[in-house]
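A.B. asks: Supplied in structure tokens, the structure appears directly below.
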Amino acid sequence: MRQEAVRLPEYRVKARNTSTSSENKIHDDAVARRYGFGGGLVPGVSVYAYATRPLVEALGPDWLGRGTASVKFVKPIFHGDEVRVCGNFERGAEGVTATLTVTAANGDCAFATATLAHGAGAPVDASSYRSAPLPAERPAATREHLASLDVLGTIITQYDRAVAAQFVERIDDKLQLYGVPDDYVHPAFFLNQANQALKSNVSLGPWIHTGSIVRHLSIARIGETLSTQGRVHALTEKKGAQIVELDLLLFAGSRPVAQVYHSAIYRLPVRADA
């Protein structure tokens with residue numbers, strides 16, 4: 001039997017577009033306006049980071065080690081927007097379920113759900129994910145090429161103190177868990193690595209991260225080497241937008257730490273007035 005919903009701590013933050021110089025020009029004001037946006041988009045990784053703040057405050061390290069999250073970005077957030085994250089959680093027979101809404105100048109811009117089960121879930125078959133070298137030259141991100149990929153080139157990142165400090169500064173999250181002495185890897189960094197897995201395997205024009213499903217498998221900490229292995233899971237089209245979904249497994253050393261299904265529009269539709 002479920003109990004009455006409990007409000008999560010509300011979180012407010014001023015959005016920052018920290019990717020204005022990124023290779024992905026959807027974060028550039030001039031380019032984004034050509035695609036009908038009001039300016040360069042704040043990265044989805046940052047928006048997800050904002051959403052995780054009240055979750056971690058309420059559920060703590062247990063969620064970082066074995067919780068799940070699903071986030072969908074429905075409207076853009078722009079630099080300087082006042083962002084508000086609010087939501088509720090309920091405790092039931094199987095664990096905790098939370099729902100969150102990220103609101104900014106455009107209204108409701110992202111929705112997230114999260115769970116923290118009482119016990120461990122089914123194990124992930126890590127042997128089904130393979131390591132492979134990154135391409136020496138990135139082919140264009142066409143549907144034909146993405147469909148032909150059996151395995152993505154592996155992203156390897158040393159998550160040291162310098163990387164950790166730079167990342168939490170970019171997303172403006174100063175929770176003690178992400179520094180000394182706890183040294184947890186920020187959960188949004190897993191989506192950062194998912195983005196790296198896409199853009200390091202193919203050459204892209206302006207593209208948009210549209211959502212992710214994350215399952216935490218164990219704790220990752222500062223000082224560990226993270227590797228991201230995966231494959232193309234699905235290719236779809238909606239209203240002229242070409243969408244790719246990646247199936248990724250992140251390791252700290254040889255230990256799986258997160259499974260991510262990562263969706264992005266890799267080719268934006270051409271505007272009729274372009």
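Please note that chains go A, B, ... in the order of the structure tokens, that every chain numbers its residues from 1, and that ligands are numbered from 1 in the order shown.
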Name all residues at most 7 Å from range 99-112 of chain A (count only C-alpha atoms; drop same-chain ones fewer than 5 positions away) and give them as a list of chain:residue names.

C.D. replies: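 The residues satisfying every condition are A:Ala51, A:Ala69, A:Ser70, A:Val71, A:Lys72, A:Phe73, A:Val74, A:Lys75, A:Pro76, A:Ile77, A:Asp81, A:Glu82, A:Val83, A:Arg84, A:Val85, A:Cys86, A:Gly87, A:Asn88, A:Phe89.
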
A.B. asks: Using DSSP assignments from the backbone, pull out every residue in range 36-204 of chain A that falls under helix (DSSP H, G or I) and give it to me as number ranges by chain.

C.D. replies: A: 44-59, 61-66, 126-128, 143-148, 161-170, 176-178, 188-199

A.B. asks: Could you list, as a ChimeraX atom specification, every residue within 9 Å of Ile171 in chain A, counting only C-alpha atoms and ignoring same-chain residues fewer than 5 positions away?

C.D. replies: /A:15-16,18,45-47,49-50,166,188

A.B. asks: Would you put the residues from that selection into a file with C-alpha atoms, as a CSV table (one decimal), in the first residue's frame?

C.D. replies:
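Once everything was written out, this is part19.csv:
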chain,number,residue,atom,x,y,z
A,15,ALA,CA,20.8,28.2,-15.8
A,16,ARG,CA,24.1,28.5,-17.5
A,18,THR,CA,28.5,26.4,-20.6
A,45,VAL,CA,23.3,17.2,-19.2
A,46,SER,CA,23.0,20.4,-17.1
A,47,VAL,CA,19.2,20.2,-17.0
A,49,ALA,CA,22.0,17.7,-13.2
A,50,TYR,CA,19.5,20.3,-11.9
A,166,GLN,CA,35.4,21.4,-13.4
A,188,ALA,CA,25.0,13.7,-14.7

A.B. asks: In Å, with one decimal, what is the gap from CA of Leu41 in chain A to CA of Glu237 in chain A?

C.D. replies: 21.5 Å

A.B. asks: For Ala5 in chain A, which of A:Gly40, A:Pro61, A:Gly92, A:Gly223 is the closest residue, counting only C-alpha atoms?

C.D. replies: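 Nearest to Ala5 in chain A: A:Gly92.
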
A.B. asks: Would you mind listing what lies within 8 Å of Leu246 in chain A as a PyMOL selection string, with only C-alpha atoms counted and same-chain residues fewer than 4 positions away left out?

C.D. replies: chain A and resi 198+230-234+260-263

A.B. asks: Excluding His216 in chain A and residues on its chain fewer than 3 positions from it, collect all residues at most 8 Å away from it, counting only C-alpha atoms, and give them as an mmCIF file with C-alpha atoms, in the first residue's frame.

C.D. replies:
data_model
loop_
_atom_site.group_PDB
_atom_site.id
_atom_site.type_symbol
_atom_site.label_atom_id
_atom_site.label_comp_id
_atom_site.auth_asym_id
_atom_site.auth_seq_id
_atom_site.Cartn_x
_atom_site.Cartn_y
_atom_site.Cartn_z
ATOM 1 C CA TRP A 63 20.134 6.356 -5.107
ATOM 2 C CA LEU A 64 23.595 7.016 -6.561
ATOM 3 C CA GLY A 65 24.476 3.355 -6.121
ATOM 4 C CA ARG A 66 21.326 1.553 -7.236
ATOM 5 C CA GLY A 67 18.613 4.026 -8.205
ATOM 6 C CA THR A 68 17.104 4.702 -11.604
ATOM 7 C CA ILE A 219 29.066 3.652 -6.855
ATOM 8 C CA VAL A 257 28.418 1.484 -12.670
ATOM 9 C CA ALA A 258 25.579 2.672 -14.940
ATOM 10 C CA GLN A 259 23.463 1.584 -17.863
#
